[in-house]
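So this block is structure26.txt, compact mmCIF, C-alpha atoms and all ligand atoms:
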# COMPACT_ATOMS: atom_id res chain seq x y z
CA MET E 949 -44.37 -61.32 3.88
CA ILE E 950 -42.60 -64.69 3.80
CA ASP E 951 -43.24 -66.38 7.16
CA GLY E 952 -40.64 -65.28 9.67
CA MET E 953 -39.11 -62.64 7.36
CA PRO E 954 -39.34 -58.89 8.00
CA PRO E 955 -41.83 -57.22 5.67
CA GLN E 956 -40.63 -54.94 2.88
CA LEU E 957 -42.30 -51.56 3.30
CA THR E 958 -44.28 -50.28 0.36
CA ASP E 959 -43.61 -46.78 -0.99
CA THR E 960 -46.78 -45.55 0.75
CA GLN E 961 -45.69 -47.04 4.08
CA ARG E 962 -42.28 -45.40 3.72
CA GLU E 963 -43.99 -42.05 3.03
CA VAL E 964 -46.22 -42.51 6.11
CA GLN E 965 -43.14 -43.33 8.21
CA ALA E 966 -41.22 -40.29 6.96
CA LEU E 967 -44.22 -38.02 7.55
CA ALA E 968 -44.64 -39.32 11.11
CA ARG E 969 -40.93 -38.76 11.87
CA GLU E 970 -41.18 -35.23 10.45
CA ILE E 971 -44.25 -34.48 12.58
CA ALA E 972 -42.62 -36.03 15.66
CA GLU E 973 -39.55 -33.84 15.13
CA ARG E 974 -41.44 -30.66 14.30
CA GLU E 975 -44.50 -30.83 16.55
CA VAL E 976 -44.18 -33.54 19.19
CA ALA E 977 -40.65 -33.27 20.49
CA PRO E 978 -40.45 -29.50 20.96
CA ARG E 979 -43.98 -28.67 22.13
CA ALA E 980 -46.85 -30.87 22.98
CA ALA E 981 -50.28 -29.70 21.77
CA ILE E 982 -53.08 -32.17 21.07
CA ALA E 983 -55.27 -29.78 19.09
CA ALA E 984 -52.43 -28.91 16.73
CA LEU E 985 -51.58 -32.56 16.36
CA ALA E 986 -55.15 -33.57 15.69
CA GLU E 987 -55.07 -31.32 12.65
CA THR E 988 -52.29 -33.45 11.22
CA GLY E 989 -54.81 -36.30 10.94
CA LEU E 990 -53.13 -38.56 13.49
CA LEU E 991 -56.30 -39.33 15.48
CA GLY E 992 -58.25 -42.49 14.61
CA LEU E 993 -55.85 -43.92 12.04
CA THR E 994 -57.62 -47.25 11.70
CA ILE E 995 -61.14 -45.87 11.26
CA PRO E 996 -62.21 -47.04 7.79
CA GLU E 997 -62.82 -44.55 5.02
CA GLU E 998 -66.57 -45.36 4.98
CA TYR E 999 -66.77 -43.81 8.47
CA GLY E 1000 -64.64 -40.83 7.54
CA GLY E 1001 -61.25 -42.11 8.72
CA PRO E 1002 -58.04 -42.76 6.79
CA GLY E 1003 -58.41 -46.57 7.12
CA LEU E 1004 -54.70 -47.16 7.45
CA ASP E 1005 -53.27 -50.67 7.68
CA TYR E 1006 -51.87 -51.80 11.06
CA LEU E 1007 -48.25 -51.76 9.91
CA SER E 1008 -48.52 -48.11 8.85
CA GLY E 1009 -50.16 -47.39 12.22
CA CYS E 1010 -47.17 -48.96 13.97
CA LEU E 1011 -44.69 -46.94 11.91
CA ILE E 1012 -46.47 -43.80 13.06
CA GLU E 1013 -46.65 -44.93 16.68
CA GLU E 1014 -42.92 -45.65 16.76
CA GLU E 1015 -42.10 -42.16 15.54
CA LEU E 1016 -44.51 -40.54 17.98
CA GLY E 1017 -43.01 -42.62 20.79
CA TRP E 1018 -39.59 -41.38 19.69
CA GLY E 1019 -40.84 -37.78 20.03
CA CYS E 1020 -42.99 -38.07 23.19
CA SER E 1021 -44.84 -41.22 24.15
CA GLY E 1022 -47.23 -39.24 26.37
CA ILE E 1023 -48.47 -37.39 23.30
CA GLY E 1024 -48.34 -40.62 21.32
CA THR E 1025 -50.57 -42.34 23.87
CA SER E 1026 -53.04 -39.45 23.79
CA LEU E 1027 -53.24 -39.55 20.03
CA MET E 1028 -53.46 -43.31 19.71
CA CYS E 1029 -56.06 -43.82 22.43
CA ASN E 1030 -58.91 -43.32 19.93
CA GLY E 1031 -57.72 -46.52 18.26
CA LEU E 1032 -58.22 -48.42 21.51
CA ALA E 1033 -61.70 -47.00 22.12
CA THR E 1034 -62.84 -47.53 18.54
CA ALA E 1035 -61.49 -51.08 18.06
CA PRO E 1036 -64.40 -52.82 19.87
CA VAL E 1037 -66.88 -50.56 18.06
CA LEU E 1038 -65.39 -51.53 14.71
CA LEU E 1039 -65.40 -55.19 15.72
CA GLY E 1040 -68.93 -55.49 16.98
CA ALA E 1041 -71.18 -52.40 17.01
CA SER E 1042 -74.20 -51.91 14.76
CA ASP E 1043 -73.72 -49.83 11.62
CA GLU E 1044 -75.85 -47.09 13.19
CA VAL E 1045 -73.60 -46.87 16.26
CA LYS E 1046 -70.47 -46.97 14.10
CA LYS E 1047 -71.76 -44.11 11.95
CA GLU E 1048 -72.72 -41.97 14.92
CA PHE E 1049 -69.73 -42.51 17.21
CA LEU E 1050 -66.94 -42.98 14.68
CA GLY E 1051 -68.44 -40.01 12.84
CA ARG E 1052 -68.12 -37.87 15.95
CA LEU E 1053 -64.37 -38.54 15.93
CA THR E 1054 -63.79 -38.00 12.24
CA GLU E 1055 -65.91 -34.87 11.80
CA GLU E 1056 -64.04 -33.02 14.53
CA PRO E 1057 -60.80 -33.71 16.40
CA LYS E 1058 -62.50 -35.38 19.37
CA LEU E 1059 -61.31 -38.06 21.75
CA ALA E 1060 -62.78 -41.35 22.97
CA SER E 1061 -61.60 -43.58 25.84
CA PHE E 1062 -61.52 -47.29 26.60
CA CYS E 1063 -62.93 -48.10 30.07
CA LEU E 1064 -61.98 -51.61 31.13
CA THR E 1065 -59.79 -51.33 34.25
CA GLU E 1066 -61.28 -50.80 37.70
CA PRO E 1067 -59.70 -50.06 41.08
CA ASP E 1068 -60.02 -53.76 42.04
CA ALA E 1069 -59.84 -55.31 38.56
CA GLY E 1070 -56.67 -54.67 36.56
CA SER E 1071 -55.07 -57.79 35.11
CA ASP E 1072 -58.07 -59.81 36.32
CA VAL E 1073 -60.63 -58.38 33.92
CA SER E 1074 -63.41 -60.78 34.97
CA GLY E 1075 -63.25 -59.38 38.51
CA MET E 1076 -64.88 -56.12 37.39
CA ARG E 1077 -67.80 -54.77 39.42
CA THR E 1078 -69.37 -52.25 37.07
CA THR E 1079 -72.86 -53.41 36.16
CA ALA E 1080 -75.23 -52.81 33.28
CA VAL E 1081 -78.86 -53.69 33.99
CA LYS E 1082 -81.43 -53.97 31.20
CA LYS E 1083 -84.46 -51.71 31.76
CA GLY E 1084 -86.93 -51.83 28.86
CA ASP E 1085 -85.11 -50.39 25.84
CA SER E 1086 -82.20 -49.15 27.92
CA TYR E 1087 -79.27 -50.31 30.01
CA VAL E 1088 -78.45 -48.60 33.29
CA ILE E 1089 -74.73 -48.50 34.08
CA ASN E 1090 -73.17 -48.16 37.54
CA GLY E 1091 -69.51 -48.41 38.46
CA THR E 1092 -66.07 -46.82 38.47
CA LYS E 1093 -63.26 -47.19 35.95
CA CYS E 1094 -59.69 -46.08 36.60
CA PHE E 1095 -56.46 -45.26 34.73
CA ILE E 1096 -58.52 -44.10 31.75
CA THR E 1097 -56.36 -42.42 29.11
CA ASN E 1098 -57.94 -39.17 27.85
CA GLY E 1099 -60.74 -39.80 30.36
CA SER E 1100 -61.17 -36.12 31.27
CA HIS E 1101 -61.46 -35.01 27.66
CA ALA E 1102 -63.27 -37.89 25.97
CA ASP E 1103 -66.45 -37.31 24.02
CA TRP E 1104 -67.55 -40.91 24.55
CA TYR E 1105 -66.41 -44.06 26.27
CA THR E 1106 -66.28 -47.76 25.46
CA VAL E 1107 -67.39 -49.24 28.80
CA TYR E 1108 -67.23 -52.86 29.93
CA ALA E 1109 -69.77 -53.96 32.53
CA LYS E 1110 -71.24 -57.09 34.03
CA THR E 1111 -74.61 -58.05 32.55
CA ASP E 1112 -74.52 -61.34 34.48
CA LYS E 1113 -72.72 -61.05 37.80
CA GLU E 1114 -72.50 -64.81 38.34
CA ALA E 1115 -70.99 -65.73 34.96
CA GLY E 1116 -67.36 -64.54 35.33
CA HIS E 1117 -65.82 -63.56 32.01
CA ARG E 1118 -68.94 -64.85 30.24
CA GLY E 1119 -71.07 -62.20 31.99
CA ILE E 1120 -69.31 -59.09 30.61
CA SER E 1121 -70.73 -56.84 27.88
CA ALA E 1122 -69.37 -53.78 26.10
CA PHE E 1123 -71.22 -50.50 25.54
CA VAL E 1124 -70.76 -47.06 24.06
CA VAL E 1125 -71.48 -44.37 26.64
CA PRO E 1126 -71.63 -40.72 25.54
CA ARG E 1127 -69.92 -38.33 27.92
CA GLU E 1128 -72.79 -35.83 27.91
CA LEU E 1129 -75.21 -38.18 29.71
CA ASP E 1130 -76.32 -37.53 33.29
CA GLY E 1131 -74.36 -39.57 35.82
CA VAL E 1132 -71.01 -39.58 33.98
CA THR E 1133 -68.35 -37.89 36.11
CA VAL E 1134 -64.60 -37.44 35.97
CA ASP E 1135 -63.56 -38.17 39.55
CA LYS E 1136 -59.81 -37.81 39.59
CA LYS E 1137 -56.96 -36.83 37.32
CA GLU E 1138 -53.87 -38.89 38.15
CA ASP E 1139 -50.43 -37.41 38.84
CA LYS E 1140 -48.03 -39.83 37.16
CA LEU E 1141 -44.36 -40.85 37.15
CA GLY E 1142 -44.09 -40.61 33.37
CA GLN E 1143 -46.11 -39.83 30.25
CA ARG E 1144 -47.11 -36.67 32.02
CA ALA E 1145 -48.35 -35.18 28.75
CA SER E 1146 -51.19 -37.71 28.64
CA ASP E 1147 -54.39 -37.39 30.63
CA THR E 1148 -55.24 -40.31 32.93
CA ALA E 1149 -58.47 -40.15 34.90
CA MET E 1150 -60.96 -42.04 37.01
CA ILE E 1151 -64.48 -42.05 35.58
CA SER E 1152 -67.68 -42.89 37.44
CA PHE E 1153 -70.99 -43.98 36.00
CA SER E 1154 -73.91 -43.45 38.34
CA ASP E 1155 -77.29 -44.66 37.02
CA VAL E 1156 -76.25 -43.75 33.50
CA GLU E 1157 -79.04 -44.74 31.13
CA ILE E 1158 -78.11 -45.59 27.55
CA PRO E 1159 -80.24 -46.90 24.67
CA ALA E 1160 -80.06 -50.73 24.43
CA GLY E 1161 -78.68 -50.27 20.90
CA TYR E 1162 -75.43 -48.94 22.35
CA LEU E 1163 -74.54 -52.52 23.33
CA ILE E 1164 -71.48 -53.53 21.28
CA GLY E 1165 -71.89 -57.01 19.78
CA GLU E 1166 -73.82 -59.56 21.78
CA GLU E 1167 -74.69 -59.43 25.45
CA ASN E 1168 -72.13 -61.32 27.62
CA LYS E 1169 -69.56 -61.43 24.79
CA GLY E 1170 -67.66 -58.34 25.93
CA PHE E 1171 -64.66 -60.18 27.37
CA LYS E 1172 -63.74 -61.60 23.97
CA LEU E 1173 -64.21 -58.19 22.38
CA ALA E 1174 -61.78 -56.78 24.94
CA MET E 1175 -59.22 -59.51 24.24
CA MET E 1176 -59.60 -59.11 20.48
CA THR E 1177 -59.19 -55.36 20.90
CA LEU E 1178 -55.96 -55.82 22.85
CA ASP E 1179 -54.64 -58.19 20.17
CA ARG E 1180 -55.13 -55.32 17.74
CA THR E 1181 -53.72 -52.52 19.89
CA ARG E 1182 -50.76 -54.18 21.62
CA PRO E 1183 -48.62 -54.02 18.44
CA GLY E 1184 -49.10 -50.24 18.43
CA VAL E 1185 -48.17 -49.92 22.10
CA ALA E 1186 -45.13 -52.08 21.43
CA ALA E 1187 -44.25 -49.80 18.51
CA MET E 1188 -44.36 -46.82 20.86
CA ALA E 1189 -42.02 -48.68 23.21
CA VAL E 1190 -39.63 -49.18 20.26
CA GLY E 1191 -39.77 -45.42 19.67
CA ILE E 1192 -38.84 -44.70 23.29
CA ALA E 1193 -36.01 -47.24 23.19
CA ASN E 1194 -34.75 -45.91 19.87
CA ALA E 1195 -34.69 -42.34 21.19
CA ALA E 1196 -32.73 -43.46 24.28
CA PHE E 1197 -30.35 -45.45 22.08
CA GLU E 1198 -29.75 -42.48 19.75
CA PHE E 1199 -29.14 -40.08 22.62
CA ALA E 1200 -26.75 -42.54 24.33
CA ARG E 1201 -24.88 -43.27 21.10
CA ASP E 1202 -24.36 -39.59 20.31
CA TYR E 1203 -23.43 -38.68 23.87
CA ALA E 1204 -20.91 -41.52 24.06
CA LYS E 1205 -19.09 -40.04 21.08
CA GLU E 1206 -18.93 -36.56 22.67
CA ARG E 1207 -18.26 -37.22 26.34
CA VAL E 1208 -14.55 -37.49 27.07
CA GLN E 1209 -13.23 -39.42 30.09
CA PHE E 1210 -9.74 -40.84 30.61
CA GLY E 1211 -8.66 -38.81 27.58
CA VAL E 1212 -10.96 -40.43 25.00
CA PRO E 1213 -14.65 -40.30 24.10
CA ILE E 1214 -16.41 -42.82 26.35
CA ALA E 1215 -17.51 -44.64 23.17
CA MET E 1216 -13.92 -45.83 22.95
CA HIS E 1217 -14.34 -47.79 26.19
CA GLN E 1218 -15.55 -51.32 25.68
CA ALA E 1219 -17.83 -51.13 28.72
CA ILE E 1220 -19.83 -48.43 26.93
CA GLN E 1221 -19.54 -50.02 23.48
CA PHE E 1222 -21.16 -53.23 24.71
CA MET E 1223 -24.05 -51.30 26.25
CA ILE E 1224 -24.59 -49.39 23.01
CA ALA E 1225 -24.37 -52.63 21.01
CA ASP E 1226 -26.97 -54.34 23.22
CA MET E 1227 -29.28 -51.34 22.93
CA ALA E 1228 -29.03 -51.45 19.13
CA THR E 1229 -29.79 -55.17 18.99
CA LYS E 1230 -32.76 -54.92 21.34
CA VAL E 1231 -34.28 -52.00 19.40
CA GLU E 1232 -33.86 -53.86 16.12
CA ALA E 1233 -35.32 -57.12 17.47
CA SER E 1234 -38.29 -55.33 19.07
CA ARG E 1235 -39.07 -53.54 15.84
CA LEU E 1236 -39.11 -56.80 13.89
CA LEU E 1237 -41.53 -58.36 16.38
CA VAL E 1238 -43.77 -55.30 16.16
CA TRP E 1239 -43.80 -55.36 12.38
CA LYS E 1240 -44.56 -59.09 12.33
CA SER E 1241 -47.44 -58.67 14.78
CA ALA E 1242 -48.90 -55.86 12.67
CA VAL E 1243 -48.47 -57.71 9.39
CA GLU E 1244 -50.33 -60.74 10.78
CA LEU E 1245 -53.23 -58.43 11.58
CA ASP E 1246 -53.09 -56.91 8.12
CA GLN E 1247 -53.22 -60.44 6.72
CA GLY E 1248 -56.38 -61.11 8.75
CA LYS E 1249 -54.69 -63.67 11.00
CA ARG E 1250 -55.28 -64.13 14.73
CA ASN E 1251 -52.11 -62.55 16.17
CA THR E 1252 -52.52 -63.15 19.92
CA LEU E 1253 -49.16 -64.86 20.39
CA ILE E 1254 -47.00 -62.54 18.32
CA SER E 1255 -48.82 -59.50 19.70
CA SER E 1256 -47.87 -60.54 23.24
CA HIS E 1257 -44.31 -61.38 22.15
CA ALA E 1258 -44.02 -57.88 20.67
CA LYS E 1259 -45.60 -56.07 23.62
CA ARG E 1260 -43.58 -57.99 26.22
CA PHE E 1261 -40.24 -57.73 24.45
CA ALA E 1262 -40.56 -54.13 23.27
CA ALA E 1263 -41.80 -52.91 26.68
CA ASP E 1264 -39.02 -54.66 28.58
CA THR E 1265 -36.54 -53.40 25.98
CA ALA E 1266 -37.73 -49.82 26.42
CA MET E 1267 -37.17 -50.10 30.16
CA GLU E 1268 -33.75 -51.74 29.85
CA VAL E 1269 -32.49 -49.43 27.12
CA THR E 1270 -33.63 -46.25 28.87
CA VAL E 1271 -32.04 -47.35 32.16
CA ASP E 1272 -28.82 -48.05 30.27
CA ALA E 1273 -29.03 -44.70 28.48
CA VAL E 1274 -29.14 -42.98 31.88
CA GLN E 1275 -26.08 -45.06 32.84
CA VAL E 1276 -24.20 -43.95 29.71
CA TYR E 1277 -24.94 -40.31 30.61
CA GLY E 1278 -23.63 -40.98 34.14
CA GLY E 1279 -24.63 -38.32 36.70
CA TYR E 1280 -25.98 -36.09 33.90
CA GLY E 1281 -28.50 -38.83 33.10
CA PHE E 1282 -30.14 -38.17 36.45
CA ILE E 1283 -30.62 -34.48 35.74
CA LYS E 1284 -33.85 -33.24 34.16
CA GLU E 1285 -31.96 -30.89 31.85
CA TYR E 1286 -30.82 -33.97 29.92
CA PRO E 1287 -33.27 -35.99 27.84
CA VAL E 1288 -32.86 -39.54 29.06
CA GLU E 1289 -34.45 -39.48 32.54
CA LYS E 1290 -37.80 -38.59 30.93
CA LEU E 1291 -37.50 -41.53 28.57
CA MET E 1292 -36.79 -43.83 31.53
CA ARG E 1293 -39.86 -42.58 33.37
CA ASP E 1294 -42.01 -42.85 30.25
CA ALA E 1295 -40.77 -46.38 29.53
CA LYS E 1296 -42.11 -47.78 32.79
CA ILE E 1297 -45.75 -47.56 31.75
CA MET E 1298 -45.00 -49.72 28.71
CA GLN E 1299 -44.54 -52.70 31.06
CA LEU E 1300 -47.83 -51.88 32.80
CA TYR E 1301 -50.61 -50.69 30.51
CA GLU E 1302 -52.50 -52.78 27.95
CA GLY E 1303 -51.39 -55.85 29.87
CA THR E 1304 -48.34 -56.02 32.13
CA SER E 1305 -45.22 -57.87 30.97
CA GLN E 1306 -46.30 -60.68 33.32
CA ILE E 1307 -49.73 -60.92 31.63
CA GLN E 1308 -48.00 -61.05 28.23
CA ARG E 1309 -45.88 -63.96 29.49
CA LEU E 1310 -49.05 -65.66 30.73
CA VAL E 1311 -50.63 -65.30 27.29
CA ILE E 1312 -47.44 -66.49 25.59
CA ALA E 1313 -47.16 -69.51 27.89
CA ARG E 1314 -50.79 -70.48 27.25
CA GLU E 1315 -50.47 -70.05 23.50
CA VAL E 1316 -47.23 -72.03 23.41
CA LEU E 1317 -48.19 -74.79 25.83
CA MET E 1318 -51.92 -75.16 25.21
CA PRO E 1319 -52.81 -73.54 21.89
CA ARG E 1320 -56.57 -73.36 21.50
CA ARG E 1321 -58.96 -72.48 18.74
CA VAL E 1322 -60.68 -69.26 19.70
CA GLU E 1323 -64.19 -68.69 18.43
CA GLU E 1324 -64.42 -64.99 17.66
CA PRO E 1325 -67.85 -63.29 17.87
CA ALA E 1326 -69.65 -63.39 14.53
CA ALA E 1327 -69.79 -59.62 14.16
CA ALA E 1328 -66.03 -59.61 14.38
CA ALA E 1329 -65.38 -62.01 11.54
CA ALA E 1330 -64.57 -59.23 9.08
N1 LIG K 1401 -59.15 -63.41 21.38
C1 LIG K 1401 -60.40 -63.93 21.45
N2 LIG K 1401 -60.84 -64.62 22.54
C2 LIG K 1401 -59.97 -64.78 23.56
C3 LIG K 1401 -58.68 -64.27 23.55
C4 LIG K 1401 -58.26 -63.54 22.39
N3 LIG K 1401 -57.04 -63.02 22.32
N4 LIG K 1401 -58.06 -64.56 24.72
C5 LIG K 1401 -58.94 -65.26 25.46
N5 LIG K 1401 -60.08 -65.39 24.74
C6 LIG K 1401 -61.29 -66.12 25.17
C7 LIG K 1401 -60.96 -67.56 25.51
O1 LIG K 1401 -61.04 -68.38 24.37
C8 LIG K 1401 -62.04 -67.91 26.51
O2 LIG K 1401 -63.23 -68.19 25.80
P1 LIG K 1401 -64.43 -69.12 26.37
O3 LIG K 1401 -65.29 -68.23 27.19
O4 LIG K 1401 -65.13 -69.56 25.13
O5 LIG K 1401 -63.80 -70.21 27.17
C9 LIG K 1401 -62.24 -66.61 27.25
O6 LIG K 1401 -61.78 -65.55 26.38
C10 LIG K 1401 -61.50 -66.51 28.57
O7 LIG K 1401 -60.13 -66.69 28.34
P2 LIG K 1401 -59.10 -67.02 29.51
O8 LIG K 1401 -59.55 -68.25 30.21
O9 LIG K 1401 -57.73 -67.01 28.91
O10 LIG K 1401 -59.32 -65.77 30.48
P3 LIG K 1401 -58.63 -65.34 31.84
O11 LIG K 1401 -59.67 -64.87 32.77
O12 LIG K 1401 -57.70 -66.40 32.30
O13 LIG K 1401 -57.83 -64.02 31.43
C11 LIG K 1401 -55.97 -62.75 30.62
C12 LIG K 1401 -56.89 -63.97 30.45
C13 LIG K 1401 -55.28 -62.71 31.97
C14 LIG K 1401 -54.94 -62.90 29.53
C15 LIG K 1401 -56.81 -61.47 30.40
O14 LIG K 1401 -57.68 -61.25 31.47
C16 LIG K 1401 -55.94 -60.24 30.17
O15 LIG K 1401 -55.46 -59.99 29.07
N6 LIG K 1401 -55.75 -59.43 31.23
C17 LIG K 1401 -55.04 -58.17 31.10
C18 LIG K 1401 -55.99 -57.10 30.78
C19 LIG K 1401 -55.30 -55.87 30.32
O16 LIG K 1401 -54.51 -55.90 29.40
N7 LIG K 1401 -55.62 -54.76 30.97
C20 LIG K 1401 -55.02 -53.52 30.63
C21 LIG K 1401 -56.07 -52.48 30.57
S1 LIG K 1401 -56.62 -52.17 29.00
S2 LIG K 1401 -55.67 -50.50 28.61

Let me see whether you can do it: turn the structure in this file into structure tokens.
Amino acid sequence: MIDGMPPQLTDTQREVQALAREIAEREVAPRAAIAALAETGLLGLTIPEEYGGPGLDYLSGCLIEEELGWGCSGIGTSLMCNGLATAPVLLGASDEVKKEFLGRLTEEPKLASFCLTEPDAGSDVSGMRTTAVKKGDSYVINGTKCFITNGSHADWYTVYAKTDKEAGHRGISAFVVPRELDGVTVDKKEDKLGQRASDTAMISFSDVEIPAGYLIGEENKGFKLAMMTLDRTRPGVAAMAVGIANAAFEFARDYAKERVQFGVPIAMHQAIQFMIADMATKVEASRLLVWKSAVELDQGKRNTLISSHAKRFAADTAMEVTVDAVQVYGGYGFIKEYPVEKLMRDAKIMQLYEGTSQIQRLVIAREVLMPRRVEEPAAAAA
């Protein structure tokens, strides 16, 4: 890719994109079923071939996420969550841990979850209270994590915990915690505004003892692993937001050509035309940001800035475009029988999870005003 130019998709990437659209149309949009979808191979896209995964590049992953978001972002989130849980493992875990836990996901259609957020620590990651205390060859984990996607169904969790309570972000470590261990409980399944097809749960860890080898990377380096993970997953979330926005745009465009008011299709009224035009521009611009953020990852570059640009802009776009799509539908837009109110409800989470739009602005402002050289943990160099 020439700097600043949109990438040209390869034939393989075009095939992946077409396949994802076909699956979204055939399986996702009409009926949501994780098990059936898992058989299509859409779980764990970025797991390398040596661990049994397809080892897809990030851009291909984003093409798939956009199409799934177009079909149903709740299902998309459920399917893509393994990518979030496995990213820190791929970045920093020992080969033994990678083989065991990535293997669990590639041998069978199983799920894994990423446990960072806590009831009192959302945007402020360093405020977490979960602790991991070293005891001989083990760590003992205590704490509660909330808003965990696929939490009720996960086979294992990536859990962040304080290994040094006094050290702020420099006292956090990451671990793999198998679900089957004593002390792991699913406390609460959340009832949500949107993405109702995805499972969101609260998980508690009460004196959960794990082998010391389940530490991911170095002790007290978990915060950076979390940030590096989000750099890698935000493009995919942004891609899903593009899918939602694109679906809302397509519905609004088609409806505007059919709905007749004042004797002409409403698409003939400039008030509607300008809304449709703005939707089209925003979808297009979001997609370009997403692709650029994914391509930088595929080129091995640190993509923090562009990743936040993409997540912020695509999430806000999804919200704006879906609200406008409801407006184009008028009163029908408010009725559940019509497709756009669901898209509007689903869009809201895009501005909240994996870093709110305000956190993305914070990251952007820091990167623009005070760019700094970030030392990434050694295990993550590859
Ligand atoms: N990659 C690697 N390292 C990074 C990094 C990145 N993208 N971003 C920050 N770091 C490093 C910094 O270099 C700094 O390193 P040192 O310890 O060597 O100084 C350290 O991490 C702390 O960075 P910073 O001072 O920016 O941390 P803050 O506590 O101010 O937090 C925000 C930064 C707010 C951006 C972070 O907490 C965040 O992203 N919060 C949102 C979390 C989120 O998305 N939650 C959603 C749930 S996950 S589904």

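Straight-line separation from CA of Trp1104 (chain E) to CA of Leu1141 (chain E): 26.4 Å.
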
Let me have the centre and edge lengths in Å, one decimal, of the box along x, y and z around every listed atom of ligand LIG 1401 (chain K) with 8 Å of margin on each side, as JSON.
{"center_x": -59.9, "center_y": -60.4, "center_z": 27.1, "size_x": 26.8, "size_y": 35.7, "size_z": 27.4}

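Taking atom O1 of ligand LIG 1401 (chain K) and CA of Thr1034 (chain E) as the two end points, the separation is 21.7 Å.
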
I'd like to know which of E:Leu1039, E:Met1175, E:Ala1102, E:Met1028 is closest to ligand LIG 1401 (chain K), using all atoms listed in the file.
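Answer, going by the shortest atom-to-atom distance: E:Met1175.
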
Counting all atoms listed in the file, what are the residues, protein, DNA or RNA alike, that approach ligand LIG 1401 (chain K) to within 8 Å? I want them as an mmCIF file with C-alpha atoms, keeping the file's coordinate frame.
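Dumped everything to part_6.cif:
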data_model
loop_
_atom_site.group_PDB
_atom_site.id
_atom_site.type_symbol
_atom_site.label_atom_id
_atom_site.label_comp_id
_atom_site.auth_asym_id
_atom_site.auth_seq_id
_atom_site.Cartn_x
_atom_site.Cartn_y
_atom_site.Cartn_z
ATOM 1 C CA LEU E 1032 -58.220 -48.420 21.510
ATOM 2 C CA PHE E 1062 -61.520 -47.290 26.600
ATOM 3 C CA CYS E 1063 -62.930 -48.100 30.070
ATOM 4 C CA LEU E 1064 -61.980 -51.610 31.130
ATOM 5 C CA THR E 1065 -59.790 -51.330 34.250
ATOM 6 C CA GLY E 1070 -56.670 -54.670 36.560
ATOM 7 C CA SER E 1071 -55.070 -57.790 35.110
ATOM 8 C CA ASP E 1072 -58.070 -59.810 36.320
ATOM 9 C CA VAL E 1073 -60.630 -58.380 33.920
ATOM 10 C CA SER E 1074 -63.410 -60.780 34.970
ATOM 11 C CA ILE E 1096 -58.520 -44.100 31.750
ATOM 12 C CA HIS E 1117 -65.820 -63.560 32.010
ATOM 13 C CA ARG E 1118 -68.940 -64.850 30.240
ATOM 14 C CA PHE E 1171 -64.660 -60.180 27.370
ATOM 15 C CA LYS E 1172 -63.740 -61.600 23.970
ATOM 16 C CA LEU E 1173 -64.210 -58.190 22.380
ATOM 17 C CA ALA E 1174 -61.780 -56.780 24.940
ATOM 18 C CA MET E 1175 -59.220 -59.510 24.240
ATOM 19 C CA MET E 1176 -59.600 -59.110 20.480
ATOM 20 C CA LEU E 1178 -55.960 -55.820 22.850
ATOM 21 C CA ASP E 1179 -54.640 -58.190 20.170
ATOM 22 C CA ARG E 1250 -55.280 -64.130 14.730
ATOM 23 C CA ASN E 1251 -52.110 -62.550 16.170
ATOM 24 C CA THR E 1252 -52.520 -63.150 19.920
ATOM 25 C CA LEU E 1300 -47.830 -51.880 32.800
ATOM 26 C CA TYR E 1301 -50.610 -50.690 30.510
ATOM 27 C CA GLU E 1302 -52.500 -52.780 27.950
ATOM 28 C CA GLY E 1303 -51.390 -55.850 29.870
ATOM 29 C CA THR E 1304 -48.340 -56.020 32.130
ATOM 30 C CA ILE E 1307 -49.730 -60.920 31.630
ATOM 31 C CA GLN E 1308 -48.000 -61.050 28.230
ATOM 32 C CA LEU E 1310 -49.050 -65.660 30.730
ATOM 33 C CA VAL E 1311 -50.630 -65.300 27.290
ATOM 34 C CA ARG E 1314 -50.790 -70.480 27.250
ATOM 35 C CA ARG E 1320 -56.570 -73.360 21.500
ATOM 36 C CA ARG E 1321 -58.960 -72.480 18.740
ATOM 37 C CA VAL E 1322 -60.680 -69.260 19.700
ATOM 38 C CA GLU E 1323 -64.190 -68.690 18.430
ATOM 39 C CA GLU E 1324 -64.420 -64.990 17.660
#
